[in-house]
$ cat my_file-v1.pdb   # PDB, C-alpha atoms
ATOM      1  CA  MET B   1     -13.834   2.997 -24.093
ATOM      2  CA  ILE B   2     -10.745   0.949 -23.309
ATOM      3  CA  PRO B   3      -7.739   1.961 -25.430
ATOM      4  CA  SER B   4      -6.446  -0.867 -27.595
ATOM      5  CA  ASP B   5      -3.425   0.911 -29.039
ATOM      6  CA  ARG B   6      -1.197   0.178 -26.045
ATOM      7  CA  TYR B   7      -0.962  -2.303 -23.204
ATOM      8  CA  PHE B   8      -3.467  -1.678 -20.405
ATOM      9  CA  VAL B   9      -1.784  -0.606 -17.150
ATOM     10  CA  LYS B  10      -3.899   0.584 -14.221
ATOM     11  CA  ILE B  11      -2.348   2.371 -11.245
ATOM     12  CA  CYS B  12      -4.705   1.820  -8.325
ATOM     13  CA  GLY B  13      -5.015   3.086  -4.769
ATOM     14  CA  VAL B  14      -4.224   6.658  -5.793
ATOM     15  CA  THR B  15      -4.892   9.075  -2.925
ATOM     16  CA  THR B  16      -3.703  12.475  -4.141
ATOM     17  CA  GLU B  17      -4.007  14.710  -7.163
ATOM     18  CA  GLU B  18      -0.207  14.760  -7.464
ATOM     19  CA  ASP B  19       0.023  10.973  -7.686
ATOM     20  CA  ALA B  20      -2.862  10.812 -10.146
ATOM     21  CA  LEU B  21      -1.202  13.325 -12.467
ATOM     22  CA  LEU B  22       2.120  11.540 -12.015
ATOM     23  CA  ALA B  23       0.675   8.212 -13.127
ATOM     24  CA  VAL B  24      -1.077   9.749 -16.116
ATOM     25  CA  GLY B  25       2.056  11.644 -17.097
ATOM     26  CA  LEU B  26       4.104   8.447 -16.969
ATOM     27  CA  GLY B  27       1.677   6.720 -19.309
ATOM     28  CA  ALA B  28      -0.816   4.823 -17.146
ATOM     29  CA  SER B  29      -3.910   3.670 -19.040
ATOM     30  CA  ALA B  30      -6.198   4.111 -16.033
ATOM     31  CA  ILE B  31      -6.220   5.470 -12.482
ATOM     32  CA  GLY B  32      -8.021   3.722  -9.616
ATOM     33  CA  PHE B  33      -9.491   5.379  -6.517
ATOM     34  CA  VAL B  34     -10.558   3.206  -3.567
ATOM     35  CA  LEU B  35     -13.984   4.088  -2.187
ATOM     36  CA  ALA B  36     -14.222   0.974   0.002
ATOM     37  CA  PRO B  37     -12.733   0.494   3.496
ATOM     38  CA  SER B  38      -8.962   0.462   3.026
ATOM     39  CA  PRO B  39      -5.823   2.365   4.097
ATOM     40  CA  ARG B  40      -6.155   4.037   0.685
ATOM     41  CA  GLN B  41      -9.838   4.894   0.956
ATOM     42  CA  LEU B  42     -10.963   8.317  -0.249
ATOM     43  CA  ALA B  43     -14.238  10.145   0.198
ATOM     44  CA  ALA B  44     -16.332  10.507  -2.937
ATOM     45  CA  ALA B  45     -16.006  14.304  -2.787
ATOM     46  CA  LYS B  46     -12.209  14.058  -2.736
ATOM     47  CA  VAL B  47     -12.256  11.713  -5.728
ATOM     48  CA  ALA B  48     -14.459  14.157  -7.618
ATOM     49  CA  ASP B  49     -11.990  16.985  -6.913
ATOM     50  CA  ILE B  50      -9.105  14.936  -8.305
ATOM     51  CA  VAL B  51     -10.979  13.600 -11.337
ATOM     52  CA  LYS B  52     -11.971  17.050 -12.572
ATOM     53  CA  ARG B  53      -8.285  18.026 -12.720
ATOM     54  CA  LEU B  54      -7.173  15.017 -14.758
ATOM     55  CA  PRO B  55      -6.422  15.435 -18.473
ATOM     56  CA  ALA B  56      -9.350  14.855 -20.805
ATOM     57  CA  GLY B  57      -9.679  11.234 -21.812
ATOM     58  CA  THR B  58      -8.128   9.807 -18.638
ATOM     59  CA  ILE B  59      -9.816   6.566 -17.554
ATOM     60  CA  SER B  60     -10.710   6.898 -13.867
ATOM     61  CA  ILE B  61     -12.127   3.971 -11.917
ATOM     62  CA  GLY B  62     -13.797   3.933  -8.514
ATOM     63  CA  VAL B  63     -13.207   0.758  -6.497
ATOM     64  CA  PHE B  64     -16.191  -0.473  -4.465
ATOM     65  CA  ARG B  65     -16.786  -3.531  -2.291
ATOM     66  CA  ASP B  66     -20.290  -4.889  -1.590
ATOM     67  CA  GLU B  67     -21.802  -1.420  -1.980
ATOM     68  CA  ALA B  68     -25.459  -0.862  -2.852
ATOM     69  CA  PRO B  69     -25.595  -0.874  -6.666
ATOM     70  CA  GLN B  70     -27.499   2.394  -6.940
ATOM     71  CA  ARG B  71     -24.935   4.104  -4.731
ATOM     72  CA  VAL B  72     -22.158   2.831  -6.987
ATOM     73  CA  VAL B  73     -23.962   4.341  -9.961
ATOM     74  CA  ASP B  74     -24.590   7.627  -8.142
ATOM     75  CA  VAL B  75     -21.004   8.008  -6.938
ATOM     76  CA  VAL B  76     -19.504   7.174 -10.336
ATOM     77  CA  ASN B  77     -21.735   9.600 -12.166
ATOM     78  CA  HIS B  78     -21.517  12.433  -9.626
ATOM     79  CA  ALA B  79     -17.735  12.157  -9.300
ATOM     80  CA  GLY B  80     -17.231  12.101 -13.067
ATOM     81  CA  LEU B  81     -15.543   8.697 -12.987
ATOM     82  CA  SER B  82     -15.228   6.591 -16.121
ATOM     83  CA  GLY B  83     -16.408   3.448 -14.387
ATOM     84  CA  ALA B  84     -16.423   1.166 -11.362
ATOM     85  CA  GLN B  85     -14.438  -1.802 -10.122
ATOM     86  CA  LEU B  86     -16.610  -4.155  -8.058
ATOM     87  CA  HIS B  87     -14.344  -5.906  -5.606
ATOM     88  CA  GLY B  88     -16.755  -7.818  -3.368
ATOM     89  CA  HIS B  89     -19.389 -10.534  -3.539
ATOM     90  CA  GLU B  90     -21.490  -8.806  -6.176
ATOM     91  CA  THR B  91     -23.809 -11.074  -8.152
ATOM     92  CA  PRO B  92     -24.123 -11.178 -11.928
ATOM     93  CA  ALA B  93     -27.424  -9.294 -11.615
ATOM     94  CA  THR B  94     -25.868  -6.551  -9.480
ATOM     95  CA  THR B  95     -22.911  -6.198 -11.825
ATOM     96  CA  GLN B  96     -25.169  -6.000 -14.863
ATOM     97  CA  TYR B  97     -27.366  -3.388 -13.149
ATOM     98  CA  VAL B  98     -24.338  -1.169 -12.586
ATOM     99  CA  ARG B  99     -22.930  -1.777 -16.069
ATOM    100  CA  GLU B 100     -26.167  -0.671 -17.724
ATOM    101  CA  ARG B 101     -25.932   2.705 -15.969
ATOM    102  CA  ILE B 102     -22.271   3.670 -16.197
ATOM    103  CA  GLY B 103     -19.565   3.622 -18.844
ATOM    104  CA  MET B 104     -17.394   0.719 -17.727
ATOM    105  CA  VAL B 105     -17.257  -2.053 -15.122
ATOM    106  CA  ILE B 106     -14.343  -4.174 -13.916
ATOM    107  CA  LYS B 107     -15.406  -7.206 -11.858
ATOM    108  CA  ALA B 108     -12.745  -8.438  -9.470
ATOM    109  CA  PHE B 109     -12.304 -11.976  -8.157
ATOM    110  CA  PRO B 110      -9.721 -13.469  -5.791
ATOM    111  CA  ALA B 111      -7.360 -15.912  -7.459
ATOM    112  CA  GLY B 112      -8.672 -19.441  -7.095
ATOM    113  CA  SER B 113     -12.305 -18.364  -6.729
ATOM    114  CA  PRO B 114     -14.720 -20.907  -8.240
ATOM    115  CA  ARG B 115     -16.740 -17.947  -9.530
ATOM    116  CA  LEU B 116     -13.979 -17.201 -12.052
ATOM    117  CA  LYS B 117     -15.382 -19.951 -14.256
ATOM    118  CA  GLU B 118     -18.628 -17.969 -14.412
ATOM    119  CA  ALA B 119     -17.002 -14.573 -15.004
ATOM    120  CA  ASP B 120     -18.671 -14.089 -18.378
ATOM    121  CA  ASP B 121     -22.087 -14.191 -16.692
ATOM    122  CA  PHE B 122     -21.338 -10.918 -14.895
ATOM    123  CA  GLY B 123     -21.268  -8.867 -18.114
ATOM    124  CA  ALA B 124     -18.261  -6.785 -17.049
ATOM    125  CA  ASP B 125     -15.942  -5.097 -19.514
ATOM    126  CA  LEU B 126     -12.875  -6.492 -17.771
ATOM    127  CA  VAL B 127     -12.264  -9.258 -15.239
ATOM    128  CA  LEU B 128      -9.615  -8.548 -12.602
ATOM    129  CA  VAL B 129      -7.922 -11.354 -10.671
ATOM    130  CA  ASP B 130      -6.394 -10.282  -7.365
ATOM    131  CA  ALA B 131      -4.743 -11.880  -4.363
ATOM    132  CA  PRO B 132      -7.136 -13.375  -1.785
ATOM    133  CA  THR B 133      -6.422 -10.327   0.433
ATOM    134  CA  PRO B 134      -6.517  -7.207  -1.792
ATOM    135  CA  GLY B 135      -3.870  -4.623  -0.961
ATOM    136  CA  SER B 136      -1.735  -7.134   0.908
ATOM    137  CA  GLY B 137       1.065  -7.017  -1.644
ATOM    138  CA  ARG B 138       1.022 -10.817  -1.871
ATOM    139  CA  LEU B 139       1.736 -12.229  -5.309
ATOM    140  CA  VAL B 140      -0.990 -14.261  -6.983
ATOM    141  CA  ASP B 141      -0.217 -17.931  -7.503
ATOM    142  CA  PHE B 142       0.015 -17.982 -11.285
ATOM    143  CA  SER B 143      -0.683 -21.711 -11.409
ATOM    144  CA  VAL B 144      -4.333 -21.167 -10.417
ATOM    145  CA  LEU B 145      -4.786 -19.042 -13.537
ATOM    146  CA  GLU B 146      -3.448 -21.621 -15.940
ATOM    147  CA  GLY B 147      -6.160 -23.192 -18.012
ATOM    148  CA  LEU B 148      -8.639 -20.366 -17.560
ATOM    149  CA  GLY B 149      -8.836 -20.042 -21.302
ATOM    150  CA  ASP B 150      -9.335 -16.711 -23.077
ATOM    151  CA  ALA B 151      -7.372 -13.996 -21.287
ATOM    152  CA  SER B 152      -8.452 -11.228 -23.655
ATOM    153  CA  LYS B 153     -10.421  -9.436 -20.926
ATOM    154  CA  LEU B 154      -8.285 -10.448 -17.946
ATOM    155  CA  VAL B 155      -6.483  -7.867 -15.797
ATOM    156  CA  LEU B 156      -3.912  -9.341 -13.425
ATOM    157  CA  ALA B 157      -3.363  -7.772  -9.986
ATOM    158  CA  GLY B 158      -2.035  -8.853  -6.606
ATOM    159  CA  GLY B 159       1.547  -8.413  -5.521
ATOM    160  CA  LEU B 160       2.867  -7.121  -8.826
ATOM    161  CA  THR B 161       6.031  -5.010  -8.802
ATOM    162  CA  PRO B 162       8.427  -3.581 -11.397
ATOM    163  CA  GLU B 163      10.605  -6.631 -10.732
ATOM    164  CA  ASN B 164       8.015  -9.373 -11.302
ATOM    165  CA  VAL B 165       5.515  -7.904 -13.751
ATOM    166  CA  THR B 166       7.491  -9.142 -16.765
ATOM    167  CA  GLU B 167       7.294 -12.775 -15.617
ATOM    168  CA  ALA B 168       3.619 -12.351 -14.752
ATOM    169  CA  ILE B 169       2.753 -11.103 -18.229
ATOM    170  CA  HIS B 170       4.774 -13.818 -19.908
ATOM    171  CA  ARG B 171       3.125 -16.570 -17.860
ATOM    172  CA  VAL B 172      -0.485 -15.377 -17.841
ATOM    173  CA  ALA B 173      -0.677 -13.188 -20.984
ATOM    174  CA  PRO B 174      -3.446 -10.973 -19.567
ATOM    175  CA  PHE B 175      -5.049  -8.034 -21.336
ATOM    176  CA  GLY B 176      -3.514  -5.764 -18.736
ATOM    177  CA  VAL B 177      -2.100  -5.386 -15.243
ATOM    178  CA  ASP B 178      -3.101  -3.477 -12.113
ATOM    179  CA  VAL B 179      -0.815  -2.330  -9.295
ATOM    180  CA  ALA B 180      -1.116  -0.431  -6.017
ATOM    181  CA  THR B 181       1.207  -1.592  -3.231
ATOM    182  CA  GLY B 182       4.010  -2.545  -5.603
ATOM    183  CA  VAL B 183       4.656   1.059  -6.676
ATOM    184  CA  GLU B 184       4.403   2.742  -3.271
ATOM    185  CA  SER B 185       6.898   4.184  -0.821
ATOM    186  CA  ALA B 186       4.207   4.045   1.913
ATOM    187  CA  PRO B 187       0.526   3.025   1.923
ATOM    188  CA  GLY B 188      -1.235   5.333  -0.510
ATOM    189  CA  VAL B 189       1.939   7.190  -1.515
ATOM    190  CA  LYS B 190       3.207   6.414  -5.011
ATOM    191  CA  ASP B 191       6.935   6.282  -5.720
ATOM    192  CA  PRO B 192       7.637   8.005  -9.075
ATOM    193  CA  ARG B 193      10.566   5.739  -9.893
ATOM    194  CA  LYS B 194       8.565   2.590  -9.179
ATOM    195  CA  VAL B 195       5.568   3.809 -11.175
ATOM    196  CA  ALA B 196       7.771   4.628 -14.151
ATOM    197  CA  ALA B 197       9.635   1.315 -13.919
ATOM    198  CA  PHE B 198       6.420  -0.680 -13.620
ATOM    199  CA  ILE B 199       4.758   0.909 -16.644
ATOM    200  CA  ALA B 200       7.913   0.552 -18.742
ATOM    201  CA  ALA B 201       8.379  -3.109 -17.769
ATOM    202  CA  ALA B 202       4.734  -3.962 -18.446
ATOM    203  CA  ARG B 203       4.729  -2.316 -21.847
ATOM    204  CA  ALA B 204       8.042  -3.963 -22.798
ATOM    205  CA  ALA B 205       6.733  -7.413 -21.827
ATOM    206  CA  ALA B 206       3.359  -7.033 -23.513
ATOM    207  CA  PRO B 207       2.644  -9.013 -26.664
ATOM    208  CA  VAL B 208       2.288  -7.001 -29.855
ATOM    209  CA  ARG B 209      -1.358  -6.440 -30.701
ATOM    210  CA  PRO B 210      -2.678  -6.166 -34.236
ATOM    211  CA  GLU B 211      -3.880  -2.766 -35.331
ATOM    212  CA  GLU B 212      -7.585  -2.291 -34.794
ATOM    213  CA  PRO B 213     -10.125   0.194 -36.162
ATOM    214  CA  ASP B 214     -10.906   3.221 -34.034
ATOM    215  CA  GLU B 215     -14.304   2.143 -32.737
ATOM    216  CA  PRO B 216     -15.979   1.486 -29.377
ATOM    217  CA  PHE B 217     -14.513  -1.453 -27.486
ATOM    218  CA  ASP B 218     -16.824  -4.478 -27.530
ATOM    219  CA  TRP B 219     -15.774  -7.843 -26.098
ATOM    220  CA  ARG B 220     -18.446  -9.648 -28.135
ATOM    221  CA  TYR B 221     -16.328  -9.289 -31.234
ATOM    222  CA  ARG B 222     -13.129 -10.522 -29.607
TER
END

$ encode --input "my_file-v1.pdb" --output "structure tokens"
Amino acid sequence: MIPSDRYFVKICGVTTEEDALLAVGLGASAIGFVLAPSPRQLAAAKVADIVKRLPAGTISIGVFRDEAPQRVVDVVNHAGLSGAQLHGHETPATTQYVRERIGMVIKAFPAGSPRLKEADDFGADLVLVDAPTPGSGRLVDFSVLEGLGDASKLVLAGGLTPENVTEAIHRVAPFGVDVATGVESAPGVKDPRKVAAFIAAARAAAPVRPEEPDEPFDWRYR
């Protein structure tokens, strides 16, 4: 279930229990752990150790890239993760297979990808738009997102920082934002001041949402 009572802010590329607890304590909506090749990659066993120490109700997401769908399902379920972020060339069928077997799926696309126009076909809970090179810290060209239409399930990533997240939210009006590099002091090491500033700036810039009933999140009724 995706919380609708506050703006969605995901802190991704977390590599330690300390940083995970820091992000949760500062008010992050979700924590992301990279299980694909990356400077921030963690082993599934390490992710499981961190997840079991997080406060109850914390949304924890494993990030995968072009992984076998059954392995994604197995890792998510065995590690106790809330869901998966598919950050590769996964097809709609692959994404739907995973979604049917775990609690939540975020499907990621590079900004400018022609597949963005077909995002609804993937059946994901959220659609994440990232820079063409994930983890590069390069800011997404907001102009390529203009005219995409309904942004009610869009999560914006790619080069966001405490300094530019306000403009990004105002221009794109996404459902939420995702950050990794922009709140680090070194690759995989979160800076407490940057994390706090990012979450505060994102929440301050977010549009006010109408109150909603406490029920499972379902995009079909959005």

$ atom_distance --input "my_file-v1.pdb" --atom1 "CA of Val172 in chain B" --atom2 "CA of Phe109 in chain B"
15.7 Å

$ resolve_selection --input "my_file-v1.pdb" --expression "the PyMOL selection byres ((chain B and resi 79) around 8)" --output "list in words"
Ala44, Ala45, Val47, Ala48, Asp49, Val51, Val75, Val76, Asn77, His78, Gly80 and Leu81 of chain B

$ residues_around --input "my_file-v1.pdb" --residues "range 54-65 of chain B" --least-positions-apart "4" --cutoff "8 Å" --atoms "all atoms listed in the file" --output "ChimeraX atom specification"
/B:20-21,24,29-36,50,72,76,81-89

$ atom_distance --input "my_file-v1.pdb" --atom1 "CA of Gly176 in chain B" --atom2 "CA of Ile199 in chain B"
10.8 Å

$ closest_residue --input "my_file-v1.pdb" --among "B:Lys190, B:Val155, B:Leu116, B:Phe175" --to "Glu18 in chain B" --atoms "only C-alpha atoms"
B:Lys190

$ closest_residue --input "my_file-v1.pdb" --among "B:Gly27, B:Pro162, B:Pro174, B:Gly112" --to "Pro207 in chain B" --atoms "all atoms listed in the file"
B:Pro174

$ atom_distance --input "my_file-v1.pdb" --atom1 "CA of Leu156 in chain B" --atom2 "CA of Leu22 in chain B"
21.8 Å

$ resolve_selection --input "my_file-v1.pdb" --expression "the PyMOL selection byres ((chain B and resi 105) around 8)" --output "list in words"
Gly83, Ala84, Gln85, Leu86, Thr95, Val98, Arg99, Ile102, Gly103, Met104, Ile106, Lys107, Ala124, Asp125 and Leu126 of chain B

$ axis_aligned_box --input "my_file-v1.pdb" --around "range 195-207 of chain B" --padding-each-side "6 Å" --output "JSON"
{"center_x": 6.1, "center_y": -2.2, "center_z": -18.9, "size_x": 19.0, "size_y": 25.6, "size_z": 27.5}

$ resolve_selection --input "my_file-v1.pdb" --expression "the PyMOL selection byres ((chain B and resi 14) around 9)" --output "ChimeraX atom specification"
/B:11-13,15-17,19-20,23,31-34,40-42,180,188-190

$ closest_residue --input "my_file-v1.pdb" --among "B:Ala186, B:Ala197, B:Val165, B:Leu154" --to "Val127 in chain B" --atoms "only C-alpha atoms"
B:Leu154

$ closest_residue --input "my_file-v1.pdb" --among "B:Ala131, B:Ala108, B:Ala168, B:Leu160" --to "Pro92 in chain B" --atoms "only C-alpha atoms"
B:Ala108

$ closest_residue --input "my_file-v1.pdb" --among "B:Ala111, B:Val73, B:Ala173, B:Leu139" --to "Ala206 in chain B" --atoms "all atoms listed in the file"
B:Ala173

$ residues_near_point --input "my_file-v1.pdb" --point "(-5.5, -6.4, -7.9)" --cutoff "6 Å" --atoms "only C-alpha atoms" --output "PyMOL selection string"
chain B and resi 130+157-158+178

$ closest_residue --input "my_file-v1.pdb" --among "B:Glu90, B:Asp191, B:Glu67, B:Glu167" --to "Ala119 in chain B" --atoms "only C-alpha atoms"
B:Glu90
